[in-house]
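Student: The structure follows.
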Amino acid sequence: GDSVTQMEGPVTLSEEAFLTINCTYTATGYPSLFWYVQYPGEGLQLLLKATKADDKGSNKGFEATYRKETTSFHLEKGSVQVSDSAVYFCALRRAGGTSYGKLTFGQGTILTVHP
Amino acid sequence: EAGVTQFPSHSVIEKGQTVTLRCDPISGHDNLYWYRRVMGKEIKFLLHFVKESKQDESGMPNNRFLAERTGGTYSTLKVQPAELEDSGVYFCASSQDRGRLAVNEQFFGPGTRLTVL
């Protein structure tokens with residue numbers, strides 16, 4: 001079945017440091033890929049998405065590129081801020097079929113950014 | 001516009017009791033989803049409603065879980081009787097997907113934290 005693997009956390013960085021959170025997936029066909037973020041006390045919010053190979057999703061300074069050859073969708077940000085402290089989830093979704101609405105998530109990565 | 005809301009935010013019950021969680025989706029969203037995150041692990045899909053019909057309930061763990069969406073508006077998820085392993089955070093989400101090939105954003109609620117003692 002489908003699966004998503006994220007790098008183990010937690011990740012602790014200083015403000016303005018470079019961030020990478022690795023994400024790889026296993027799925028048949030061509031799934032859409034997502035990064036969701038959960039800030040303390042809130043629900044998950046869509047951060048960015050990519051729907052086909054080589055697409056780059058971007059939002060709020062975060063980027064991730066859909067790499068079909070390495071089945072990866074790593075999240076990057078050039079300069080993190082304290083306000084980026086949150087839990088980040090990588091996810092995939094396959095269009096079509098009975099389970100077309102199902103998001104398959106990774107285990108989440110806790111990011112803490114210190115001033 | 002109001003987002004997805006869930007009630008209660010927290011629930012603490014004893015093993016063997018019954019708990020009912022409620023989700024109100026964004027108005028006009030035909031699609032409603034339930035997910036669960038147990039003990040800091042990955043968030044797992046439970047089921048998907050399209051209006052009042054169950055499109056996919058492949059993630060429901062067992063027959064102690066009953067989800068309903070009468071009238072295609074809000075949804076409830078009942079756990080009866082609750083077991084220790086049911087503890088976790090239950091998320092609800094909704095979307096405006098139209099059909100199997102649409103990939104529209106799922107908007108999540110803040111979750112209900114369920115603790116079974």
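Going through the structure tokens in order, the chains are called A, B, and so on, while each chain numbers its residues from 1 and the ligands are numbered from 1 in the order shown.
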Residues within 12 Å of Gly61 (chain A), please, as a CSV table (one decimal) with all heavy atoms, in the first residue's frame. Count only C-alpha atoms; anything in the same chain fewer than 4 positions from it doesn't count.
Tutor:
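Everything below was put into result.csv:
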```
chain,number,residue,atom,x,y,z
A,16,GLU,N,17.1,32.1,11.1
A,16,GLU,CA,17.8,32.3,9.9
A,16,GLU,C,18.6,31.1,9.4
A,16,GLU,O,19.3,31.2,8.3
A,16,GLU,CB,18.7,33.5,10.0
A,16,GLU,CG,17.9,34.8,10.3
A,16,GLU,CD,18.8,36.1,10.4
A,16,GLU,OE1,20.0,35.9,10.1
A,16,GLU,OE2,18.3,37.2,10.7
A,18,PHE,N,19.1,27.3,7.6
A,18,PHE,CA,18.5,26.6,6.5
A,18,PHE,C,17.8,25.4,7.0
A,18,PHE,O,18.3,24.7,7.8
A,18,PHE,CB,19.6,26.3,5.4
A,18,PHE,CG,19.0,25.6,4.2
A,18,PHE,CD1,18.6,26.4,3.2
A,18,PHE,CD2,19.0,24.3,4.1
A,18,PHE,CE1,18.1,25.8,2.0
A,18,PHE,CE2,18.5,23.7,2.9
A,18,PHE,CZ,18.0,24.5,1.9
A,19,LEU,N,16.6,25.2,6.4
A,19,LEU,CA,15.8,24.0,6.8
A,19,LEU,C,15.7,23.0,5.7
A,19,LEU,O,15.3,23.4,4.6
A,19,LEU,CB,14.4,24.4,7.3
A,19,LEU,CG,13.4,23.3,7.5
A,19,LEU,CD1,13.7,22.5,8.7
A,19,LEU,CD2,12.0,23.9,7.6
A,47,LEU,N,0.4,23.7,3.4
A,47,LEU,CA,1.5,24.6,3.2
A,47,LEU,C,1.8,24.7,1.7
A,47,LEU,O,1.9,25.8,1.2
A,47,LEU,CB,2.7,24.1,4.0
A,47,LEU,CG,4.0,25.0,3.9
A,47,LEU,CD1,3.7,26.3,4.4
A,47,LEU,CD2,5.1,24.3,4.7
A,48,LEU,N,1.9,23.6,1.0
A,48,LEU,CA,2.2,23.6,-0.4
A,48,LEU,C,1.8,22.3,-1.0
A,48,LEU,O,1.7,21.3,-0.3
A,48,LEU,CB,3.6,24.0,-0.7
A,48,LEU,CG,4.7,23.3,0.0
A,48,LEU,CD1,5.1,22.0,-0.8
A,48,LEU,CD2,6.0,24.1,0.1
A,57,GLY,N,6.2,23.1,-5.5
A,57,GLY,CA,5.3,23.8,-4.7
A,57,GLY,C,6.0,24.8,-3.9
A,57,GLY,O,7.1,24.6,-3.4
A,75,LEU,N,11.1,19.2,1.9
A,75,LEU,CA,10.7,20.5,2.2
A,75,LEU,C,11.9,21.3,2.6
A,75,LEU,O,12.8,20.9,3.4
A,75,LEU,CB,9.7,20.5,3.4
A,75,LEU,CG,9.2,21.9,3.8
A,75,LEU,CD1,8.3,22.5,2.8
A,75,LEU,CD2,8.4,21.8,5.2
A,76,GLU,N,12.1,22.6,2.0
A,76,GLU,CA,13.2,23.4,2.3
A,76,GLU,C,12.8,24.9,2.5
A,76,GLU,O,11.7,25.3,2.0
A,76,GLU,CB,14.2,23.4,1.1
A,76,GLU,CG,14.8,22.1,0.8
A,76,GLU,CD,15.8,22.1,-0.3
A,76,GLU,OE1,15.7,23.0,-1.2
A,76,GLU,OE2,16.7,21.2,-0.4
A,77,LYS,N,13.5,25.5,3.4
A,77,LYS,CA,13.4,27.0,3.5
A,77,LYS,C,14.7,27.6,3.8
A,77,LYS,O,15.5,27.0,4.6
A,77,LYS,CB,12.4,27.3,4.7
A,77,LYS,CG,12.1,28.8,4.8
A,77,LYS,CD,11.1,29.1,5.8
A,77,LYS,CE,10.7,30.6,5.7
A,77,LYS,NZ,9.7,31.0,6.8
A,78,GLY,N,15.0,28.7,3.1
A,78,GLY,CA,16.4,29.2,3.2
A,78,GLY,C,16.7,29.9,4.5
A,78,GLY,O,17.8,29.9,5.0
A,79,SER,N,15.7,30.4,5.2
A,79,SER,CA,15.9,31.2,6.4
A,79,SER,C,14.7,31.1,7.3
A,79,SER,O,13.7,31.7,7.1
A,79,SER,CB,16.2,32.6,6.1
A,79,SER,OG,16.4,33.4,7.3
A,80,VAL,N,14.8,30.2,8.3
A,80,VAL,CA,13.6,30.0,9.2
A,80,VAL,C,13.5,31.1,10.2
A,80,VAL,O,14.4,31.8,10.6
A,80,VAL,CB,13.7,28.6,9.9
A,80,VAL,CG1,13.6,27.5,8.8
A,80,VAL,CG2,14.9,28.5,10.7
A,81,GLN,N,12.2,31.2,10.7
A,81,GLN,CA,11.9,32.2,11.7
A,81,GLN,C,11.3,31.5,12.9
A,81,GLN,O,10.8,30.3,12.8
A,81,GLN,CB,10.9,33.2,11.1
A,81,GLN,CG,11.3,33.9,9.9
A,81,GLN,CD,12.6,34.7,10.1
A,81,GLN,OE1,12.7,35.4,11.1
A,81,GLN,NE2,13.6,34.5,9.2
A,84,ASP,N,8.0,29.8,12.5
A,84,ASP,CA,7.9,28.6,11.7
A,84,ASP,C,7.9,27.4,12.6
A,84,ASP,O,7.7,26.2,12.1
A,84,ASP,CB,9.1,28.5,10.8
A,84,ASP,CG,9.1,29.5,9.7
A,84,ASP,OD1,8.0,29.9,9.2
A,84,ASP,OD2,10.2,30.0,9.2
```
Student: With only C-alpha atoms as the counted atoms, please give the residues lying no more than 7 Å from region 39-56 of chain B, apart from itself and same-chain residues fewer than 4 positions off, as a PDB file with all heavy atoms, in the first residue's frame.
Tutor:
```pdb
ATOM      1  N   THR A  98     -11.592   4.085  -5.507  1.00  0.00           N
ATOM      2  CA  THR A  98     -12.524   4.270  -4.400  1.00  0.00           C
ATOM      3  C   THR A  98     -11.959   5.198  -3.338  1.00  0.00           C
ATOM      4  O   THR A  98     -12.685   5.981  -2.720  1.00  0.00           O
ATOM      5  CB  THR A  98     -12.838   2.911  -3.751  1.00  0.00           C
ATOM      6  OG1 THR A  98     -13.333   2.025  -4.755  1.00  0.00           O
ATOM      7  CG2 THR A  98     -13.873   3.053  -2.653  1.00  0.00           C
ATOM      8  N   SER A  99     -10.658   5.114  -3.102  1.00  0.00           N
ATOM      9  CA  SER A  99     -10.017   5.877  -2.021  1.00  0.00           C
ATOM     10  C   SER A  99      -9.424   7.188  -2.509  1.00  0.00           C
ATOM     11  O   SER A  99      -8.409   7.641  -2.003  1.00  0.00           O
ATOM     12  CB  SER A  99      -8.934   5.029  -1.355  1.00  0.00           C
ATOM     13  OG  SER A  99      -9.496   3.882  -0.730  1.00  0.00           O
ATOM     14  N   GLY A 101     -10.163  10.172  -2.030  1.00  0.00           N
ATOM     15  CA  GLY A 101     -10.115  11.277  -1.084  1.00  0.00           C
ATOM     16  C   GLY A 101      -9.094  11.101   0.019  1.00  0.00           C
ATOM     17  O   GLY A 101      -8.808  12.021   0.777  1.00  0.00           O
ATOM     18  N   LYS A 102      -8.517   9.933   0.105  1.00  0.00           N
ATOM     19  CA  LYS A 102      -7.667   9.578   1.248  1.00  0.00           C
ATOM     20  C   LYS A 102      -6.299  10.236   1.149  1.00  0.00           C
ATOM     21  O   LYS A 102      -5.598  10.091   0.152  1.00  0.00           O
ATOM     22  CB  LYS A 102      -7.513   8.059   1.292  1.00  0.00           C
ATOM     23  CG  LYS A 102      -6.519   7.552   2.298  1.00  0.00           C
ATOM     24  CD  LYS A 102      -6.397   6.040   2.166  1.00  0.00           C
ATOM     25  CE  LYS A 102      -5.323   5.487   3.073  1.00  0.00           C
ATOM     26  NZ  LYS A 102      -5.189   4.025   2.903  1.00  0.00           N
ATOM     27  N   LEU A 103      -5.913  10.930   2.209  1.00  0.00           N
ATOM     28  CA  LEU A 103      -4.548  11.421   2.359  1.00  0.00           C
ATOM     29  C   LEU A 103      -3.774  10.412   3.195  1.00  0.00           C
ATOM     30  O   LEU A 103      -4.244   9.966   4.234  1.00  0.00           O
ATOM     31  CB  LEU A 103      -4.528  12.771   3.068  1.00  0.00           C
ATOM     32  CG  LEU A 103      -4.917  14.008   2.243  1.00  0.00           C
ATOM     33  CD1 LEU A 103      -5.166  15.197   3.156  1.00  0.00           C
ATOM     34  CD2 LEU A 103      -3.836  14.334   1.229  1.00  0.00           C
ATOM     35  N   THR A 104      -2.567  10.062   2.706  1.00  0.00           N
ATOM     36  CA  THR A 104      -1.669   9.202   3.461  1.00  0.00           C
ATOM     37  C   THR A 104      -0.539  10.075   3.997  1.00  0.00           C
ATOM     38  O   THR A 104       0.160  10.723   3.207  1.00  0.00           O
ATOM     39  CB  THR A 104      -1.109   8.088   2.567  1.00  0.00           C
ATOM     40  OG1 THR A 104      -2.190   7.285   2.082  1.00  0.00           O
ATOM     41  CG2 THR A 104      -0.144   7.214   3.355  1.00  0.00           C
ATOM     42  N   PHE A 105      -0.371  10.100   5.309  1.00  0.00           N
ATOM     43  CA  PHE A 105       0.559  11.004   5.955  1.00  0.00           C
ATOM     44  C   PHE A 105       1.825  10.299   6.434  1.00  0.00           C
ATOM     45  O   PHE A 105       1.816   9.102   6.753  1.00  0.00           O
ATOM     46  CB  PHE A 105      -0.087  11.640   7.198  1.00  0.00           C
ATOM     47  CG  PHE A 105      -1.106  12.699   6.903  1.00  0.00           C
ATOM     48  CD1 PHE A 105      -2.440  12.369   6.766  1.00  0.00           C
ATOM     49  CD2 PHE A 105      -0.723  14.030   6.782  1.00  0.00           C
ATOM     50  CE1 PHE A 105      -3.391  13.351   6.514  1.00  0.00           C
ATOM     51  CE2 PHE A 105      -1.657  15.019   6.528  1.00  0.00           C
ATOM     52  CZ  PHE A 105      -2.994  14.674   6.400  1.00  0.00           C
ATOM     53  N   GLY A 106       2.897  11.086   6.538  1.00  0.00           N
ATOM     54  CA  GLY A 106       4.065  10.663   7.276  1.00  0.00           C
ATOM     55  C   GLY A 106       3.848  10.911   8.754  1.00  0.00           C
ATOM     56  O   GLY A 106       2.802  11.420   9.169  1.00  0.00           O
ATOM     57  N   GLN A 107       4.845  10.592   9.558  1.00  0.00           N
ATOM     58  CA  GLN A 107       4.669  10.628  11.011  1.00  0.00           C
ATOM     59  C   GLN A 107       4.799  12.022  11.604  1.00  0.00           C
ATOM     60  O   GLN A 107       4.541  12.220  12.796  1.00  0.00           O
ATOM     61  CB  GLN A 107       5.654   9.672  11.698  1.00  0.00           C
ATOM     62  CG  GLN A 107       7.117  10.065  11.554  1.00  0.00           C
ATOM     63  CD  GLN A 107       7.767   9.395  10.362  1.00  0.00           C
ATOM     64  OE1 GLN A 107       7.199   9.297   9.280  1.00  0.00           O
ATOM     65  NE2 GLN A 107       8.988   8.925  10.560  1.00  0.00           N
ATOM     66  N   GLY A 108       5.170  13.000  10.796  1.00  0.00           N
ATOM     67  CA  GLY A 108       5.285  14.363  11.293  1.00  0.00           C
ATOM     68  C   GLY A 108       6.672  14.661  11.828  1.00  0.00           C
ATOM     69  O   GLY A 108       7.347  13.786  12.400  1.00  0.00           O
TER      70      GLY A 108
ATOM     71  N   ASP B  30     -19.132  19.230   0.204  1.00  0.00           N
ATOM     72  CA  ASP B  30     -19.808  17.940   0.167  1.00  0.00           C
ATOM     73  C   ASP B  30     -18.971  16.822   0.784  1.00  0.00           C
ATOM     74  O   ASP B  30     -19.501  15.820   1.237  1.00  0.00           O
ATOM     75  CB  ASP B  30     -20.117  17.553  -1.286  1.00  0.00           C
ATOM     76  CG  ASP B  30     -21.238  18.392  -1.888  1.00  0.00           C
ATOM     77  OD1 ASP B  30     -21.986  19.025  -1.119  1.00  0.00           O
ATOM     78  OD2 ASP B  30     -21.360  18.396  -3.124  1.00  0.00           O
ATOM     79  N   ASN B  31     -17.657  17.011   0.763  1.00  0.00           N
ATOM     80  CA  ASN B  31     -16.762  15.941   1.206  1.00  0.00           C
ATOM     81  C   ASN B  31     -16.314  16.177   2.648  1.00  0.00           C
ATOM     82  O   ASN B  31     -15.886  17.278   3.004  1.00  0.00           O
ATOM     83  CB  ASN B  31     -15.521  15.870   0.313  1.00  0.00           C
ATOM     84  CG  ASN B  31     -15.874  15.500  -1.109  1.00  0.00           C
ATOM     85  OD1 ASN B  31     -15.883  14.337  -1.462  1.00  0.00           O
ATOM     86  ND2 ASN B  31     -16.173  16.505  -1.919  1.00  0.00           N
ATOM     87  N   LEU B  32     -16.405  15.131   3.436  1.00  0.00           N
ATOM     88  CA  LEU B  32     -16.004  15.200   4.841  1.00  0.00           C
ATOM     89  C   LEU B  32     -15.185  13.972   5.153  1.00  0.00           C
ATOM     90  O   LEU B  32     -15.530  12.858   4.748  1.00  0.00           O
ATOM     91  CB  LEU B  32     -17.240  15.275   5.740  1.00  0.00           C
ATOM     92  CG  LEU B  32     -17.019  15.535   7.227  1.00  0.00           C
ATOM     93  CD1 LEU B  32     -18.203  16.309   7.814  1.00  0.00           C
ATOM     94  CD2 LEU B  32     -16.793  14.246   7.995  1.00  0.00           C
ATOM     95  N   TYR B  33     -14.088  14.173   5.869  1.00  0.00           N
ATOM     96  CA  TYR B  33     -13.138  13.111   6.170  1.00  0.00           C
ATOM     97  C   TYR B  33     -12.874  13.061   7.681  1.00  0.00           C
ATOM     98  O   TYR B  33     -12.861  14.090   8.353  1.00  0.00           O
ATOM     99  CB  TYR B  33     -11.794  13.370   5.473  1.00  0.00           C
ATOM    100  CG  TYR B  33     -11.898  13.731   4.016  1.00  0.00           C
ATOM    101  CD1 TYR B  33     -12.148  15.049   3.628  1.00  0.00           C
ATOM    102  CD2 TYR B  33     -11.732  12.776   3.024  1.00  0.00           C
ATOM    103  CE1 TYR B  33     -12.235  15.398   2.288  1.00  0.00           C
ATOM    104  CE2 TYR B  33     -11.815  13.122   1.679  1.00  0.00           C
ATOM    105  CZ  TYR B  33     -12.072  14.429   1.326  1.00  0.00           C
ATOM    106  OH  TYR B  33     -12.161  14.773  -0.003  1.00  0.00           O
ATOM    107  N   TRP B  34     -12.636  11.859   8.162  1.00  0.00           N
ATOM    108  CA  TRP B  34     -12.147  11.671   9.536  1.00  0.00           C
ATOM    109  C   TRP B  34     -10.772  11.018   9.473  1.00  0.00           C
ATOM    110  O   TRP B  34     -10.540  10.072   8.692  1.00  0.00           O
ATOM    111  CB  TRP B  34     -13.092  10.778  10.340  1.00  0.00           C
ATOM    112  CG  TRP B  34     -14.354  11.438  10.807  1.00  0.00           C
ATOM    113  CD1 TRP B  34     -15.587  11.356  10.231  1.00  0.00           C
ATOM    114  CD2 TRP B  34     -14.520  12.247  11.974  1.00  0.00           C
ATOM    115  NE1 TRP B  34     -16.499  12.075  10.953  1.00  0.00           N
ATOM    116  CE2 TRP B  34     -15.876  12.630  12.038  1.00  0.00           C
ATOM    117  CE3 TRP B  34     -13.659  12.681  12.987  1.00  0.00           C
ATOM    118  CZ2 TRP B  34     -16.394  13.432  13.064  1.00  0.00           C
ATOM    119  CZ3 TRP B  34     -14.168  13.474  13.995  1.00  0.00           C
ATOM    120  CH2 TRP B  34     -15.512  13.838  14.033  1.00  0.00           C
ATOM    121  N   TYR B  35      -9.875  11.541  10.326  1.00  0.00           N
ATOM    122  CA  TYR B  35      -8.539  10.995  10.472  1.00  0.00           C
ATOM    123  C   TYR B  35      -8.241  10.854  11.965  1.00  0.00           C
ATOM    124  O   TYR B  35      -8.886  11.477  12.810  1.00  0.00           O
ATOM    125  CB  TYR B  35      -7.487  11.943   9.867  1.00  0.00           C
ATOM    126  CG  TYR B  35      -7.538  12.120   8.372  1.00  0.00           C
ATOM    127  CD1 TYR B  35      -8.380  13.068   7.787  1.00  0.00           C
ATOM    128  CD2 TYR B  35      -6.736  11.363   7.525  1.00  0.00           C
ATOM    129  CE1 TYR B  35      -8.425  13.250   6.412  1.00  0.00           C
ATOM    130  CE2 TYR B  35      -6.767  11.535   6.143  1.00  0.00           C
ATOM    131  CZ  TYR B  35      -7.607  12.477   5.607  1.00  0.00           C
ATOM    132  OH  TYR B  35      -7.647  12.655   4.241  1.00  0.00           O
ATOM    133  N   MET B  60     -11.562   2.531   8.876  1.00  0.00           N
ATOM    134  CA  MET B  60     -12.220   2.355  10.172  1.00  0.00           C
ATOM    135  C   MET B  60     -11.643   1.115  10.849  1.00  0.00           C
ATOM    136  O   MET B  60     -11.635   0.032  10.254  1.00  0.00           O
ATOM    137  CB  MET B  60     -13.730   2.210   9.983  1.00  0.00           C
ATOM    138  CG  MET B  60     -14.364   3.484   9.468  1.00  0.00           C
ATOM    139  SD  MET B  60     -14.405   4.759  10.724  1.00  0.00           S
ATOM    140  CE  MET B  60     -16.029   4.473  11.409  1.00  0.00           C
ATOM    141  N   ARG B  69     -23.441  10.878   8.969  1.00  0.00           N
ATOM    142  CA  ARG B  69     -23.535  12.237   8.443  1.00  0.00           C
ATOM    143  C   ARG B  69     -24.954  12.427   7.894  1.00  0.00           C
ATOM    144  O   ARG B  69     -25.183  12.516   6.694  1.00  0.00           O
ATOM    145  CB  ARG B  69     -22.499  12.508   7.355  1.00  0.00           C
ATOM    146  CG  ARG B  69     -22.371  13.999   7.033  1.00  0.00           C
ATOM    147  CD  ARG B  69     -21.399  14.254   5.899  1.00  0.00           C
ATOM    148  NE  ARG B  69     -21.282  15.690   5.655  1.00  0.00           N
ATOM    149  CZ  ARG B  69     -20.758  16.217   4.550  1.00  0.00           C
ATOM    150  NH1 ARG B  69     -20.305  15.430   3.587  1.00  0.00           N
ATOM    151  NH2 ARG B  69     -20.691  17.523   4.422  1.00  0.00           N
ATOM    152  N   THR B  70     -25.868  12.484   8.794  1.00  0.00           N
ATOM    153  CA  THR B  70     -27.272  12.616   8.427  1.00  0.00           C
ATOM    154  C   THR B  70     -27.528  13.965   7.772  1.00  0.00           C
ATOM    155  O   THR B  70     -27.129  15.008   8.296  1.00  0.00           O
ATOM    156  CB  THR B  70     -28.156  12.473   9.675  1.00  0.00           C
ATOM    157  OG1 THR B  70     -27.830  11.251  10.335  1.00  0.00           O
ATOM    158  CG2 THR B  70     -29.620  12.467   9.294  1.00  0.00           C
ATOM    159  N   GLY B  71     -28.185  13.944   6.620  1.00  0.00           N
ATOM    160  CA  GLY B  71     -28.503  15.194   5.939  1.00  0.00           C
ATOM    161  C   GLY B  71     -27.336  15.807   5.208  1.00  0.00           C
ATOM    162  O   GLY B  71     -27.456  16.881   4.609  1.00  0.00           O
ATOM    163  N   GLY B  72     -26.199  15.167   5.256  1.00  0.00           N
ATOM    164  CA  GLY B  72     -25.039  15.673   4.526  1.00  0.00           C
ATOM    165  C   GLY B  72     -24.427  16.928   5.084  1.00  0.00           C
ATOM    166  O   GLY B  72     -23.687  17.630   4.373  1.00  0.00           O
ATOM    167  N   GLY B  88      -6.150   9.271  21.320  1.00  0.00           N
ATOM    168  CA  GLY B  88      -5.436   9.962  20.251  1.00  0.00           C
ATOM    169  C   GLY B  88      -6.148  11.251  19.904  1.00  0.00           C
ATOM    170  O   GLY B  88      -7.071  11.681  20.602  1.00  0.00           O
TER     171      GLY B  88
END
```
Student: Taking a cut-off of 12 Å and counting only C-alpha atoms, can you build a table that, for each residue of chain A near chain B, reports the nearest atom pair and how far apart they are in Å (one decimal), sorted by chain then residue number, as a tab-separated table?
Tutor:
```
residue	atom	partner	partner_atom	distance
A:Asp2	CA	B:Lys44	CA	11.7
A:Ser3	CA	B:Glu42	CA	10.2
A:Val4	CA	B:Glu42	CA	9.1
A:Thr5	CA	B:Glu42	CA	9.4
A:Gln6	CA	B:Glu42	CA	9.8
A:Glu8	CA	B:Lys41	CA	11.2
A:Gly9	CA	B:Gly40	CA	11.2
A:Pro10	CA	B:Gly40	CA	11.6
A:Tyr30	CA	B:Leu101	CA	11.9
A:Pro31	CA	B:Val103	CA	10.0
A:Ser32	CA	B:Val103	CA	7.7
A:Leu33	CA	B:Val103	CA	10.1
A:Phe34	CA	B:Glu105	CA	9.6
A:Trp35	CA	B:Glu105	CA	11.2
A:Tyr36	CA	B:Phe108	CA	10.0
A:Val37	CA	B:Phe108	CA	10.7
A:Gln38	CA	B:Pro110	CA	9.1
A:Tyr39	CA	B:Pro110	CA	10.0
A:Pro40	CA	B:Pro110	CA	9.8
A:Gly41	CA	B:Pro110	CA	7.1
A:Glu42	CA	B:Pro110	CA	5.0
A:Gly43	CA	B:Pro110	CA	3.7
A:Leu44	CA	B:Phe108	CA	5.5
A:Gln45	CA	B:Phe108	CA	6.8
A:Leu46	CA	B:Glu105	CA	7.2
A:Leu47	CA	B:Glu105	CA	10.2
A:Leu48	CA	B:Glu105	CA	9.9
A:Lys49	CA	B:Glu105	CA	9.2
A:Ala50	CA	B:Val103	CA	10.2
A:Thr51	CA	B:Val103	CA	8.2
A:Lys52	CA	B:Val103	CA	11.6
A:Val87	CA	B:Gly40	CA	10.6
A:Tyr88	CA	B:Glu42	CA	11.1
A:Phe89	CA	B:Glu42	CA	8.5
A:Cys90	CA	B:Glu42	CA	9.8
A:Ala91	CA	B:Ile43	CA	9.5
A:Leu92	CA	B:Val103	CA	10.7
A:Arg93	CA	B:Val103	CA	8.1
A:Arg94	CA	B:Leu101	CA	8.6
A:Ala95	CA	B:Leu101	CA	4.9
A:Gly96	CA	B:Arg100	CA	4.7
A:Gly97	CA	B:Arg100	CA	6.9
A:Thr98	CA	B:Asp56	CA	6.4
A:Ser99	CA	B:Asp56	CA	5.9
A:Tyr100	CA	B:Arg100	CA	5.7
A:Gly101	CA	B:His48	CA	6.8
A:Lys102	CA	B:Phe45	CA	6.4
A:Leu103	CA	B:Phe45	CA	6.7
A:Thr104	CA	B:Lys44	CA	6.8
A:Phe105	CA	B:Ile43	CA	5.7
A:Gly106	CA	B:Glu42	CA	5.3
A:Gln107	CA	B:Glu42	CA	3.7
A:Gly108	CA	B:Glu42	CA	6.5
A:Thr109	CA	B:Gly40	CA	9.9
A:Ile110	CA	B:Gly40	CA	10.3
```
Student: Have a look at CA of Ser27 (chain B) and CA of Lys78 (chain B) and let me know their distance in Å, one decimal.
Tutor: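 Interatomic distance here is 22.4 Å.
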Student: For Glu69 (chain A), which of A:Lys56, A:Thr24, A:Ser83, A:Thr112 is the closest residue, counting only C-alpha atoms?
Tutor: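 Selected residue with least distance to Glu69 (chain A): A:Thr24.
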Student: Per DSSP on the backbone, what are the strand (DSSP E or B) residues of region 6-106 of chain A, as a PyMOL selection string?
Tutor: chain A and resi 6+11-14+19-21+23-26+32-38+44-50+56-59+62-65+67+72+75-77+86-93+104-105
Student: Only C-alpha atoms, please: the residues just picked out, written as a short mmCIF file (atom, residue, chain, number, x, y, z; two decimals), in the first residue's frame.
Tutor:
```cif
data_model
loop_
_atom_site.label_atom_id
_atom_site.label_comp_id
_atom_site.auth_asym_id
_atom_site.auth_seq_id
_atom_site.Cartn_x
_atom_site.Cartn_y
_atom_site.Cartn_z
CA GLN A 6 9.63 11.59 6.97
CA VAL A 11 14.53 19.40 14.51
CA THR A 12 15.93 22.37 16.41
CA LEU A 13 17.39 25.34 14.54
CA SER A 14 18.46 28.88 15.18
CA LEU A 19 15.83 24.00 6.84
CA THR A 20 15.44 20.65 5.10
CA ILE A 21 12.87 18.05 6.11
CA CYS A 23 10.15 13.07 2.74
CA THR A 24 10.02 9.97 0.56
CA TYR A 25 6.99 8.04 -0.57
CA THR A 26 5.85 4.71 -1.93
CA SER A 32 -0.23 14.32 -5.66
CA LEU A 33 2.11 15.37 -2.86
CA PHE A 34 1.50 17.79 -0.02
CA TRP A 35 3.10 19.41 2.96
CA TYR A 36 0.79 20.30 5.83
CA VAL A 37 1.75 22.33 8.91
CA GLN A 38 0.18 22.30 12.34
CA LEU A 44 -3.50 21.22 9.96
CA GLN A 45 -3.08 23.78 7.21
CA LEU A 46 -1.98 23.09 3.67
CA LEU A 47 1.47 24.61 3.21
CA LEU A 48 2.17 23.63 -0.40
CA LYS A 49 1.43 20.95 -2.96
CA ALA A 50 2.63 19.49 -6.26
CA LYS A 56 7.67 22.80 -7.44
CA GLY A 57 5.26 23.83 -4.72
CA SER A 58 6.04 27.00 -2.79
CA ASN A 59 4.47 29.14 -0.08
CA PHE A 62 9.00 27.10 1.79
CA GLU A 63 9.60 25.01 -1.31
CA ALA A 64 9.39 21.35 -2.28
CA THR A 65 9.98 19.69 -5.65
CA ARG A 67 11.00 14.10 -7.73
CA SER A 72 10.89 12.33 -2.80
CA LEU A 75 10.71 20.53 2.24
CA GLU A 76 13.20 23.42 2.28
CA LYS A 77 13.36 26.98 3.53
CA ALA A 86 5.33 23.79 14.24
CA VAL A 87 4.77 20.18 13.25
CA TYR A 88 5.20 19.46 9.54
CA PHE A 89 3.50 16.56 7.79
CA CYS A 90 4.26 15.18 4.34
CA ALA A 91 1.32 13.49 2.61
CA LEU A 92 0.23 11.95 -0.65
CA ARG A 93 -3.08 11.39 -2.38
CA THR A 104 -1.67 9.20 3.46
CA PHE A 105 0.56 11.00 5.96
#
```
Student: What gap, in Å, lies between CA of Ser75 (chain B) and CA of Arg22 (chain B)?
Tutor: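 If I compute the distance from CA of Ser75 (chain B) to CA of Arg22 (chain B), I get 5.8 Å.
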Student: Could you please determine the separation between CA of Met7 (chain A) and CA of Ala27 (chain A) in Å, to one decimal place?
Tutor: 18.0 Å
Student: Would you kindly return, as a list in words, each protein, DNA or RNA residue with an atom no farther than 7 Å from any atom of Thr76 (chain B), considering only C-alpha atoms and excluding same-chain residues fewer than 4 positions away?
Tutor: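 Counting only the stated atoms, we get Thr20, Leu21, Arg22, Cys23, Ala67, Glu68 and Arg69 of chain B.
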Student: Ranking B:Leu117, B:Phe7, B:Pro25, B:Gly16 by minimum distance to Arg64 (chain B) and counting only C-alpha atoms, which one comes first?
Tutor: B:Gly16
Student: Could you go through region 3-88 of chain B and tell me which residues DSSP, when run on the backbone, assigns to helix (DSSP H, G or I), listing them as a ChimeraX atom specification?
Tutor: /B:70-72,84-86
Student: For each of B:Val12, B:Val116, B:Ile26, B:Val38, take the minimum atom-to-atom distance to Pro81 (chain B), counting only C-alpha atoms, then give the residue where this is smallest.
Tutor: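 Closest residue, counting only C-alpha atoms: B:Val116.
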